[in-house]
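Read the structure below first, then the notes.
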Amino acid sequence: MSRPAAPDAYTLALRLLGRRGRSTADLAARLRSKGCVEQAIDSALQRCRELGYLDDARLAAERAGQLVRAGRAIGPALQLRLQREGFDSAACHQATAAYADADLQRRQLAAVAERRFGDPARLSADARQQRRLIQYLQRRGFALSQIFDYLNERQINVYDDR
């Protein structure tokens, strides 16, 4: 009984990249899972890079923009999210540098908070809602100091329940 031949790594890589952009690490893992040989994977990845089909820096920047616009992550949470998606630390750092502007983060924080919780003035009287807002924004990667600045700008007194 003969072993089935290993699939052509380059053809599979093109098929996978045709569906959507992928990081080098993600594409290599998928090719391995399809049974491609390591040498063929390296060759396919190199050829895809040479032809411009595989560009981690560009893809990380695009993904960072998507996450920021959707209000899913910013700051350290954005970098961590990109690393979890298989981008190397250099591509992550380069992609997140464009979103390090404090004014942009402040506008993004306001947009995310208002999209999720509506009018911030109604939070003044409800300590539970304030805690929910603060935790929600922290999970999105906003610094606590930025969140308190946002609340203070809107004259929302944060309750201290000690």
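Residue names in the structure tokens use chain letters A, B, ... in the order shown, residue numbers from 1 in each chain, and ligand numbers from 1 in the order shown.
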List the neighbours of His93 of chain A out to 7 Å using only C-alpha atoms; skip same-chain residues closer than 4 positions along the sequence, and give me the result as a PyMOL selection string. chain A and resi 79+89+97
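Non-sequential neighbours of Arg49 of chain A (distance at most 12 Å, separation of 3 or more positions within a chain, only C-alpha atoms) are Tyr10, Ala13, Leu14, Leu17, Arg22, Ser23, Thr24, Leu27, Asp42, Ser43, Ala44, Leu45, Gln46, Gly52, Tyr53, Leu54, Asp55, Asp56, Ala57 and Arg58 of chain A.
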Can you list, as an NGL selection string, all residues belonging to segment 3-156 of chain A that DSSP tags as helix (DSSP H, G or I)? :A and (9-19 or 24-33 or 38-50 or 56-69 or 76-84 or 89-97 or 102-117 or 120-123 or 127-139 or 144-153)
Just the selected residues (C-alpha atoms), exported as a short mmCIF file (atom, residue, chain, number, x, y, z; two decimals), in the first residue's frame, please.
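Dumped to part_12.cif:
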data_model
loop_
_atom_site.label_atom_id
_atom_site.label_comp_id
_atom_site.auth_asym_id
_atom_site.auth_seq_id
_atom_site.Cartn_x
_atom_site.Cartn_y
_atom_site.Cartn_z
CA ALA A 9 2.19 23.52 -0.93
CA TYR A 10 2.28 26.45 -3.35
CA THR A 11 -1.08 25.59 -4.93
CA LEU A 12 -2.66 25.17 -1.50
CA ALA A 13 -1.12 28.44 -0.33
CA LEU A 14 -2.60 30.29 -3.30
CA ARG A 15 -5.99 28.74 -2.65
CA LEU A 16 -5.88 29.74 1.03
CA LEU A 17 -4.67 33.27 0.24
CA GLY A 18 -7.38 33.61 -2.41
CA ARG A 19 -10.05 33.40 0.27
CA THR A 24 2.90 33.81 7.49
CA ALA A 25 2.51 31.78 10.70
CA ASP A 26 -1.17 31.06 10.01
CA LEU A 27 -0.52 30.01 6.43
CA ALA A 28 2.39 27.76 7.45
CA ALA A 29 0.27 26.10 10.14
CA ARG A 30 -2.55 25.48 7.68
CA LEU A 31 -0.18 23.99 5.11
CA ARG A 32 1.28 21.70 7.79
CA SER A 33 -2.20 20.57 8.78
CA GLU A 38 8.33 21.45 5.64
CA GLN A 39 10.72 22.15 2.75
CA ALA A 40 7.79 22.64 0.34
CA ILE A 41 6.09 24.96 2.85
CA ASP A 42 9.21 27.13 3.15
CA SER A 43 9.53 27.28 -0.61
CA ALA A 44 5.85 28.19 -1.07
CA LEU A 45 6.00 30.89 1.61
CA GLN A 46 9.12 32.41 0.04
CA ARG A 47 7.53 32.44 -3.41
CA CYS A 48 4.34 34.03 -2.06
CA ARG A 49 6.42 36.74 -0.34
CA GLU A 50 8.38 37.43 -3.54
CA ASP A 56 2.65 40.37 7.35
CA ALA A 57 3.26 44.09 7.91
CA ARG A 58 0.54 45.13 5.47
CA LEU A 59 -1.93 42.56 6.75
CA ALA A 60 -1.25 43.45 10.40
CA ALA A 61 -1.86 47.14 9.60
CA GLU A 62 -5.14 46.29 7.85
CA ARG A 63 -6.27 44.08 10.72
CA ALA A 64 -5.32 46.71 13.30
CA GLY A 65 -7.40 49.27 11.42
CA GLN A 66 -10.38 46.91 11.36
CA LEU A 67 -10.13 46.26 15.09
CA VAL A 68 -9.78 49.93 15.98
CA ARG A 69 -12.63 51.07 13.72
CA PRO A 76 -1.82 47.05 24.41
CA ALA A 77 -4.98 45.00 23.76
CA LEU A 78 -4.59 45.66 20.04
CA GLN A 79 -0.99 44.47 20.04
CA LEU A 80 -1.91 41.36 22.04
CA ARG A 81 -4.80 40.58 19.71
CA LEU A 82 -2.55 40.81 16.66
CA GLN A 83 0.05 38.55 18.28
CA ARG A 84 -2.66 35.99 19.04
CA SER A 89 6.06 41.28 17.30
CA ALA A 90 7.73 43.61 14.77
CA ALA A 91 4.64 43.64 12.53
CA CYS A 92 2.41 44.12 15.59
CA HIS A 93 4.46 47.04 16.86
CA GLN A 94 4.53 48.70 13.45
CA ALA A 95 0.76 48.24 12.99
CA THR A 96 -0.17 49.57 16.42
CA ALA A 97 2.15 52.60 16.18
CA ALA A 102 -3.67 60.10 22.31
CA ASP A 103 -6.25 62.26 20.52
CA LEU A 104 -7.28 59.37 18.28
CA GLN A 105 -7.58 57.08 21.30
CA ARG A 106 -9.70 59.68 23.13
CA ARG A 107 -12.08 59.98 20.16
CA GLN A 108 -12.20 56.21 19.79
CA LEU A 109 -12.94 55.78 23.50
CA ALA A 110 -15.85 58.23 23.27
CA ALA A 111 -17.24 56.52 20.17
CA VAL A 112 -17.02 53.04 21.69
CA ALA A 113 -18.55 54.15 25.01
CA GLU A 114 -21.42 56.00 23.37
CA ARG A 115 -22.12 53.22 20.87
CA ARG A 116 -22.31 50.65 23.67
CA PHE A 117 -23.90 52.66 26.50
CA PRO A 120 -23.02 59.23 29.00
CA ALA A 121 -25.06 61.68 31.11
CA ARG A 122 -27.38 58.88 32.22
CA LEU A 123 -24.45 57.11 33.87
CA ALA A 127 -22.68 53.25 39.94
CA ARG A 128 -23.29 49.75 38.53
CA GLN A 129 -23.50 51.07 34.96
CA GLN A 130 -20.35 53.10 35.54
CA ARG A 131 -18.48 49.98 36.64
CA ARG A 132 -19.78 48.11 33.59
CA LEU A 133 -18.61 50.93 31.30
CA ILE A 134 -15.17 51.09 32.92
CA GLN A 135 -14.68 47.32 32.72
CA TYR A 136 -15.94 47.20 29.13
CA LEU A 137 -13.50 49.90 28.05
CA GLN A 138 -10.61 48.29 29.92
CA ARG A 139 -11.27 44.99 28.12
CA LEU A 144 -7.86 53.51 33.20
CA SER A 145 -6.53 57.08 33.20
CA GLN A 146 -8.07 57.66 29.75
CA ILE A 147 -11.41 56.27 30.94
CA PHE A 148 -11.45 58.52 34.02
CA ASP A 149 -10.50 61.52 31.87
CA TYR A 150 -13.43 60.72 29.57
CA LEU A 151 -15.82 60.46 32.52
CA ASN A 152 -14.50 63.68 34.08
CA GLU A 153 -14.84 65.57 30.77
#
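If you look at atom CA of Arg140 of chain A and atom CA of Arg72 of chain A, they are 5.7 Å away from each other.
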Coordinates-based distance that separates atom CA of Tyr99 of chain A from atom CA of Gly75 of chain A (Å, one decimal):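 Going from atom CA of Gly75 of chain A over to atom CA of Tyr99 of chain A, I get 7.4 Å.
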note - atom CA of Gly141 of chain A and atom CA of Gly21 of chain A are separated by 24.7 Å
